[in-house]
Amino acid sequence: MNKLYPVYTLKNECHDCFKCIRECHIKAIKIQSNSASVINDRCIACGHCVTVCPAGAKRVRNDIEKVKMLLLEHKKVYVSLAPSWVGVYDIPKEKMIAALKKLGFSGVSETALGAQEVSIQTAKILNQAEKGLFISSACPVIDDYIRLYKSEFSANIVPIASPALTHAGMLKNSLGDDISVVFIGPCIAKKNEADEHPELMSVALTFDELNYWFKEEFIDVEDIKPDESSHFVPDHAYEGAIYPLEGGMNETIRKAGIDKNDVTFINVSSLEAFDKALNGIEPDKIRNKIFVEALGCTGGCINGPCISSGRSRILITSDIYSNTEYRETIPKEPSMVVEKEYIPKPVKKSEYSLEQVVKALRKISKHSESDELNCGGCGYSTCRDFVNALISGDAETSMCVSYMRKIAVRKASAMLRCMPSAVVMVDSKLEVMEANDSFIQMFCNDMYEIFSNRPEGLAGASIERLVPFSEFFKSSLDTGKDFHQEHYSIGDKLYDISIFTIEFGEIVGGVISDVTKSELDRSKIAKKARDVITKNIATVQEIASLLGEHMVETELLLNSIAEGFDTNPSEDKKT
C-alpha cells in the first residue's frame with residue numbers, strides 16, 4: 001500500500017478477483033501474494049479500478065488533512081469548484097458557497113473561468129494553424145496516457161495547461177500570489193496535477209472527500225443559510241460551465257470564434273475509444289485541421305470516478321445546461337494563459353526471448369498454440385501478454401484460470417483415484433457427474449472394462465440404475481441434510497454409506513465403503529474370543545474344583561494330626 005500516490009490498495013480487503021486488471025486499459029496493476037497493487041509510474045489515475053473493485057479495496061488518497069493544515073496556517077485558501085457540482089448537489093450556488101466558507105475557505109471560484117480562457121486560446125491556435133492534428137489538454141488522464149503510452153502524439157497536445165491550472169493562475173493573479181488554491185471536483189487525476197504543480201494548485205479534493213468533510217463537520221448543505229458574501233469570486237462563469245459534458249469544450253471553442261470554419265471538431269470519451277481513434281493516424285500526413293476533444297471518462301467529467309452522485313446523468317446534463325449562461329460577445333484574446341509543454345515519457349516495454357516466453361508458458365501448462373486460450377480470465381488480453389507480465393514479476397501463475405482449473409481437476413482426480421472407498425457425485429437429475437474407479441469396480445464390475453475406458457467414465461448414467469439405495473441421494477438433494485447408513489446389506493455384502501450435500505438441491509456426493517470383510521473378520525475374532533473365554537472359564541472352574549478337592553484332603557489330614565496331639569499325657573503314664 002502506497003498512500004503517497006492518489007490510488008492505492010487495501011491489501012486485507014483485496015479478494016484476488018483480478019477485476020481491476022481486466023478493467024485497467026494500461027495494465028498498471030501487479031499481483032503479489034494474491035494481492036493487487038498499483039504500479040505508480042505506469043498509472044494515469046483514471047480511477048476506473050476504484051469504481052469497478054467489487055470489494056472496495058481500491059482507495060483514493062484522502063487529502064482533507066492537507067487542506068486543514070493550510071487553513072490552520074491562517075492562509076487565504078480559495079476553492080476552484082469544478083462545474084459538475086451543479087448536477088451533483090442540486091442546490092443553489094449561494095448555499096454551496098456558504099457551506100464551503102463554513103469549512104474555513106476564504107472564497108469560492110468557478111473552474112469554468114479557466115475553461116473559458118483555455119477555449120479562447122485554443123481557438124486562437126487553431127485559427128493561426130494551417131493544418132494538423134490538435135488534441136485537447138483539458139483532461140489530465142488523457143495527457144498522461146499520451147505521454148506514457150502514445151508518446152508519438154505528445155507534440156499534438158495543445159500546449160496549454162488544463163482549465164483547473166489556468167484557473168488557479170487566474171486566482172493568484174487577481175487575489176494575490178500568496179493565496180492557496182484547492183480544486184474540488186470528480187477527478188482523481190487532478191491530485192497528480194496538484195502534486196506536479198504546487199505553485200498553482202496546493203491540493204485537489206474529490207466530491208467524495210468533500211461530502212465526508214461536510215458530514216465530519218455536521219454541515220447540512222441543504223439547510224445552511226447563505227449571507228450577502230455568498231457569491232463566486234472574482235466573477236461567475238459563462239459558457240465554460242459546459243466543459244464537464246462530452247462535446248462541451250468543442251462547443252465553447254466554436255463560440256469563441258473559428259475564423260474560416262475550416263476545423264473538424266471531434267469529441268472522444270474513454271481511453272478505449274481514444275485509443276481506437278488514434279489507430280492508423282500519421283499526424284504528419286494530415287492535410288486539414290482536426291481538433292479532438294479527448295476525455296478519459298465515458299460521457300465526460302459527469303462520469304468521473306468520484307462524482308459522488310446517484311442521479312441520472314441525463315438530469316445532471318440537463319441541470320448543467322439549464323444553469324449555464326452564454327456571453328453575447330467573447331473576447332478574442334485570453335486574459336490568462338498558462339503554457340505547458342507535454343514531454344513524452346514512454347513506458348518501456350520489456351522484451352523477452354522466445355525461450356523465456358516458452359518456459360513461462362510451460363509453467364501454466366501451455367505446451368502448444370492450441371493451449372493458449374486467450375480467455376482473458378487473468379485480466380490480460382492474450383496468454384502471451386500474461387506470460388510477459390509473469391516474467392516481469394507483475395503476475396503470478398495462480399492468475400491463469402485454465403491452469404488452476406487443470407491443477408484442481410488433477411488433484412481431485414488423483415485423490416478420487418487413490419481412495420479405496422467408492423466415491424460418486426450426483427446432480428439434481430440423479431445422474432452421475434463423477435465417479436472414481438472404486439465405484440465402477442464396486443457396482444459395475446461386470447462392465448468395468450467398458451466404463452473405465454470411457455473418457456467420461458460413468459458421467460450421465462442414472463444412479464437409480466446403478467445402486468439400490470438411490471433414494472438416499474434423492475433425500476439429501478431434497479432436504480440438504482447429510483445421511484449415513486451403516487451395514488447396508490446388498491446380497492452377501494455390507495456397506496457403510498455416507499451421502500453429503502455439495503450444493504443444496506443441485507449436487508450431492510456419496511462415499512461408500514465395503515465393510516463385509518471387516519465385519520466377517522470381526523465376527524471371527526468375536527467367536528474366537530468367546531471360545532477363549534469359554535475355555536478360560538472351564539479352566540478356571542477346573543482349577544477351582546481341583547483346589548477345592550485339595551483343600552478338603554488337606555483339612556482332613558490336618559484335623560487328624562491335630563486330634564493326635566490333643567491326647568492327655570497323664571493318661572499315657574498311667575497306662
# chains A, B, ... in the order shown; residues from 1 in each chain; ligands from 1
>>> residues_around(residues="A:Glu471", least_positions_apart="6", cutoff="12 Å", atoms="only C-alpha atoms", output="NGL selection string")
:A and (426 or 430 or 463-465 or 477-478 or 483 or 499)
>>> write_last_selection(atoms="N, CA and C atoms", output="mmCIF file, in the first residue's frame")
data_model
loop_
_atom_site.group_PDB
_atom_site.id
_atom_site.type_symbol
_atom_site.label_atom_id
_atom_site.label_comp_id
_atom_site.auth_asym_id
_atom_site.auth_seq_id
_atom_site.Cartn_x
_atom_site.Cartn_y
_atom_site.Cartn_z
ATOM 1 N N VAL A 426 -23.558 -36.802 -7.724
ATOM 2 C CA VAL A 426 -24.822 -36.933 -8.437
ATOM 3 C C VAL A 426 -25.486 -35.567 -8.531
ATOM 4 N N LEU A 430 -30.398 -36.852 -10.677
ATOM 5 C CA LEU A 430 -29.940 -38.159 -10.206
ATOM 6 C C LEU A 430 -29.061 -38.846 -11.258
ATOM 7 N N ILE A 463 -28.108 -42.848 -11.467
ATOM 8 C CA ILE A 463 -27.695 -43.513 -10.230
ATOM 9 C C ILE A 463 -28.709 -44.568 -9.806
ATOM 10 N N GLU A 464 -29.973 -44.376 -10.252
ATOM 11 C CA GLU A 464 -31.035 -45.336 -9.892
ATOM 12 C C GLU A 464 -30.802 -46.693 -10.534
ATOM 13 N N ARG A 465 -30.108 -46.712 -11.658
ATOM 14 C CA ARG A 465 -29.851 -47.970 -12.343
ATOM 15 C C ARG A 465 -28.555 -48.628 -11.891
ATOM 16 N N LEU A 477 -30.691 -34.497 -1.644
ATOM 17 C CA LEU A 477 -30.931 -33.391 -2.571
ATOM 18 C C LEU A 477 -32.133 -32.557 -2.131
ATOM 19 N N ASP A 478 -33.182 -33.225 -1.678
ATOM 20 C CA ASP A 478 -34.426 -32.543 -1.287
ATOM 21 C C ASP A 478 -34.300 -31.790 0.025
ATOM 22 N N PHE A 483 -26.535 -37.770 5.176
ATOM 23 C CA PHE A 483 -27.153 -39.057 5.500
ATOM 24 C C PHE A 483 -26.058 -40.089 5.716
ATOM 25 N N ILE A 499 -23.834 -39.940 2.542
ATOM 26 C CA ILE A 499 -24.274 -39.014 1.497
ATOM 27 C C ILE A 499 -24.183 -37.592 2.061
#
>>> residues_around(residues="A:Leu390", least_positions_apart="5", cutoff="12 Å", atoms="only C-alpha atoms", output="short mmCIF file (atom, residue, chain, number, x, y, z; two decimals) with N, CA and C atoms, in the first residue's frame")
data_model
loop_
_atom_site.label_atom_id
_atom_site.label_comp_id
_atom_site.auth_asym_id
_atom_site.auth_seq_id
_atom_site.Cartn_x
_atom_site.Cartn_y
_atom_site.Cartn_z
N LYS A 30 -0.16 -4.79 -10.60
CA LYS A 30 0.55 -6.06 -10.49
C LYS A 30 0.00 -6.87 -9.32
N ILE A 31 0.21 -8.16 -9.41
CA ILE A 31 -0.25 -9.08 -8.37
C ILE A 31 0.95 -9.66 -7.64
N GLN A 32 0.94 -9.50 -6.33
CA GLN A 32 1.98 -10.08 -5.48
C GLN A 32 1.31 -10.68 -4.27
N SER A 350 9.17 -4.34 -21.69
CA SER A 350 10.24 -5.34 -21.65
C SER A 350 10.08 -6.34 -22.77
N TYR A 352 11.24 -10.04 -24.22
CA TYR A 352 11.80 -11.30 -23.74
C TYR A 352 12.02 -12.25 -24.91
N GLN A 356 12.48 -17.66 -23.15
CA GLN A 356 11.88 -17.22 -21.88
C GLN A 356 10.36 -17.32 -21.92
N VAL A 357 9.78 -16.93 -23.04
CA VAL A 357 8.32 -16.98 -23.19
C VAL A 357 7.82 -18.42 -23.15
N VAL A 358 8.50 -19.31 -23.88
CA VAL A 358 8.09 -20.72 -23.92
C VAL A 358 8.20 -21.34 -22.53
N LYS A 359 9.26 -21.00 -21.82
CA LYS A 359 9.46 -21.53 -20.46
C LYS A 359 8.35 -21.06 -19.53
N ALA A 360 7.96 -19.79 -19.66
CA ALA A 360 6.88 -19.25 -18.83
C ALA A 360 5.54 -19.87 -19.19
N LEU A 361 5.34 -20.12 -20.48
CA LEU A 361 4.09 -20.76 -20.92
C LEU A 361 3.97 -22.17 -20.34
N ARG A 362 5.08 -22.86 -20.26
CA ARG A 362 5.05 -24.21 -19.70
C ARG A 362 4.67 -24.22 -18.23
N LYS A 363 5.01 -23.14 -17.54
CA LYS A 363 4.65 -23.04 -16.11
C LYS A 363 3.15 -23.07 -15.90
N ILE A 364 2.40 -22.64 -16.93
CA ILE A 364 0.94 -22.63 -16.81
C ILE A 364 0.32 -23.66 -17.78
N CYS A 378 -7.33 -14.00 -16.64
CA CYS A 378 -6.25 -13.47 -15.81
C CYS A 378 -6.25 -11.94 -15.79
N TYR A 380 -5.47 -10.23 -18.69
CA TYR A 380 -4.72 -9.84 -19.88
C TYR A 380 -5.42 -10.36 -21.13
N CYS A 383 -2.58 -14.86 -23.77
CA CYS A 383 -1.68 -15.64 -22.90
C CYS A 383 -0.26 -15.10 -23.00
N ARG A 384 0.11 -14.59 -24.17
CA ARG A 384 1.45 -14.04 -24.34
C ARG A 384 1.63 -12.78 -23.51
N ASP A 385 0.60 -11.92 -23.47
CA ASP A 385 0.66 -10.73 -22.63
C ASP A 385 0.80 -11.12 -21.16
N ALA A 395 2.82 -10.55 -12.38
CA ALA A 395 1.71 -11.50 -12.34
C ALA A 395 2.18 -12.80 -11.68
N GLU A 396 1.22 -13.66 -11.33
CA GLU A 396 1.51 -14.94 -10.71
C GLU A 396 0.77 -16.04 -11.45
N THR A 397 1.32 -17.25 -11.42
CA THR A 397 0.72 -18.36 -12.16
C THR A 397 -0.72 -18.64 -11.72
N SER A 398 -1.03 -18.34 -10.46
CA SER A 398 -2.38 -18.61 -9.95
C SER A 398 -3.44 -17.76 -10.62
N MET A 399 -3.02 -16.76 -11.39
CA MET A 399 -3.98 -15.90 -12.09
C MET A 399 -4.58 -16.57 -13.32
N CYS A 400 -3.90 -17.60 -13.82
CA CYS A 400 -4.39 -18.30 -15.02
C CYS A 400 -5.51 -19.25 -14.62
#
>>> select_by_dssp(residues="stretch 175-335 of chain A", states="helix (DSSP H, G or I)", output="PyMOL selection string")
chain A and resi 175+189-196+207-216+239-242+248-256+271-278+283-285+301-303+313-322
>>> closest_atom_pairs(of="stretch 99-181 of chain A", to="stretch 58-75 of chain A", cutoff="9 Å", atoms="only C-alpha atoms", output="tab-separated table")
residue	atom	partner	partner_atom	distance
A:Gly104	CA	A:Leu71	CA	6.6
A:Phe105	CA	A:Leu71	CA	7.5
A:Ser106	CA	A:Lys75	CA	8.8
A:Asp178	CA	A:Lys75	CA	7.9
A:Ile179	CA	A:Lys75	CA	6.6
A:Ser180	CA	A:Lys75	CA	7.1
>>> residues_around(residues="A:Ile160", least_positions_apart="2", cutoff="6 Å", atoms="only C-alpha atoms", output="ChimeraX atom specification")
/A:158,338-340
>>> closest_residue(among="A:Cys444, A:Ala273, A:Ala168, A:Val88", to="A:Leu113", atoms="only C-alpha atoms")
A:Ala168
>>> closest_residue(among="A:Tyr342, A:Tyr149, A:Phe439, A:Tyr5", to="A:Lys190", atoms="only C-alpha atoms")
A:Tyr5
>>> closest_residue(among="A:Phe504, A:Phe291, A:Phe232, A:Tyr212", to="A:Ile157", atoms="only C-alpha atoms")
A:Phe291
>>> closest_residue(among="A:Trp213, A:Ala57, A:Gly299, A:Cys43", to="A:Asn12", atoms="only C-alpha atoms")
A:Ala57
>>> closest_atom_pairs(of="stretch 320-390 of chain A", to="stretch 118-125 of chain A", cutoff="9 Å", atoms="only C-alpha atoms", output="CSV")
residue,atom,partner,partner_atom,distance
A:Ile330,CA,A:Ile120,CA,8.1
A:Pro331,CA,A:Ile120,CA,7.4
A:Lys332,CA,A:Ile120,CA,6.5
A:Glu333,CA,A:Ile120,CA,6.5
A:Pro334,CA,A:Ile120,CA,5.7
A:Met336,CA,A:Val118,CA,8.4
A:Val337,CA,A:Val118,CA,7.3
A:Val338,CA,A:Val118,CA,8.8
>>> write_last_selection(atoms="N, CA and C atoms", output="tab-separated table (two decimals), in the first residue's frame")
chain	number	residue	atom	x	y	z
A	330	ILE	N	-17.59	37.16	-26.96
A	330	ILE	CA	-16.47	36.50	-26.29
A	330	ILE	C	-15.18	37.15	-26.76
A	331	PRO	N	-14.29	37.52	-25.83
A	331	PRO	CA	-13.03	38.17	-26.22
A	331	PRO	C	-12.21	37.30	-27.17
A	332	LYS	N	-11.46	37.96	-28.04
A	332	LYS	CA	-10.61	37.25	-28.97
A	332	LYS	C	-9.28	36.86	-28.34
A	333	GLU	N	-8.93	37.56	-27.27
A	333	GLU	CA	-7.68	37.29	-26.58
A	333	GLU	C	-7.96	36.82	-25.15
A	334	PRO	N	-7.28	35.78	-24.70
A	334	PRO	CA	-7.48	35.30	-23.33
A	334	PRO	C	-6.86	36.25	-22.32
A	336	MET	N	-5.76	35.16	-19.49
A	336	MET	CA	-4.75	34.38	-18.77
A	336	MET	C	-4.40	33.14	-19.58
A	337	VAL	N	-3.13	32.91	-19.80
A	337	VAL	CA	-2.67	31.70	-20.47
A	337	VAL	C	-1.55	31.09	-19.64
A	338	VAL	N	-1.71	29.81	-19.31
A	338	VAL	CA	-0.64	29.08	-18.63
A	338	VAL	C	-0.12	28.06	-19.64
>>> residues_around(residues="stretch 448-454 of chain A", least_positions_apart="6", cutoff="10 Å", atoms="only C-alpha atoms", output="ChimeraX atom specification")
/A:436-437,439-442
>>> write_last_selection(atoms="C-alpha atoms", output="short mmCIF file (atom, residue, chain, number, x, y, z; two decimals), in the first residue's frame")
data_model
loop_
_atom_site.label_atom_id
_atom_site.label_comp_id
_atom_site.auth_asym_id
_atom_site.auth_seq_id
_atom_site.Cartn_x
_atom_site.Cartn_y
_atom_site.Cartn_z
CA ASN A 436 -13.98 -42.94 -9.19
CA ASP A 437 -12.56 -46.29 -10.22
CA PHE A 439 -17.20 -47.08 -7.54
CA ILE A 440 -17.09 -48.63 -11.02
CA GLN A 441 -15.44 -51.77 -9.63
CA MET A 442 -17.89 -51.97 -6.74
#
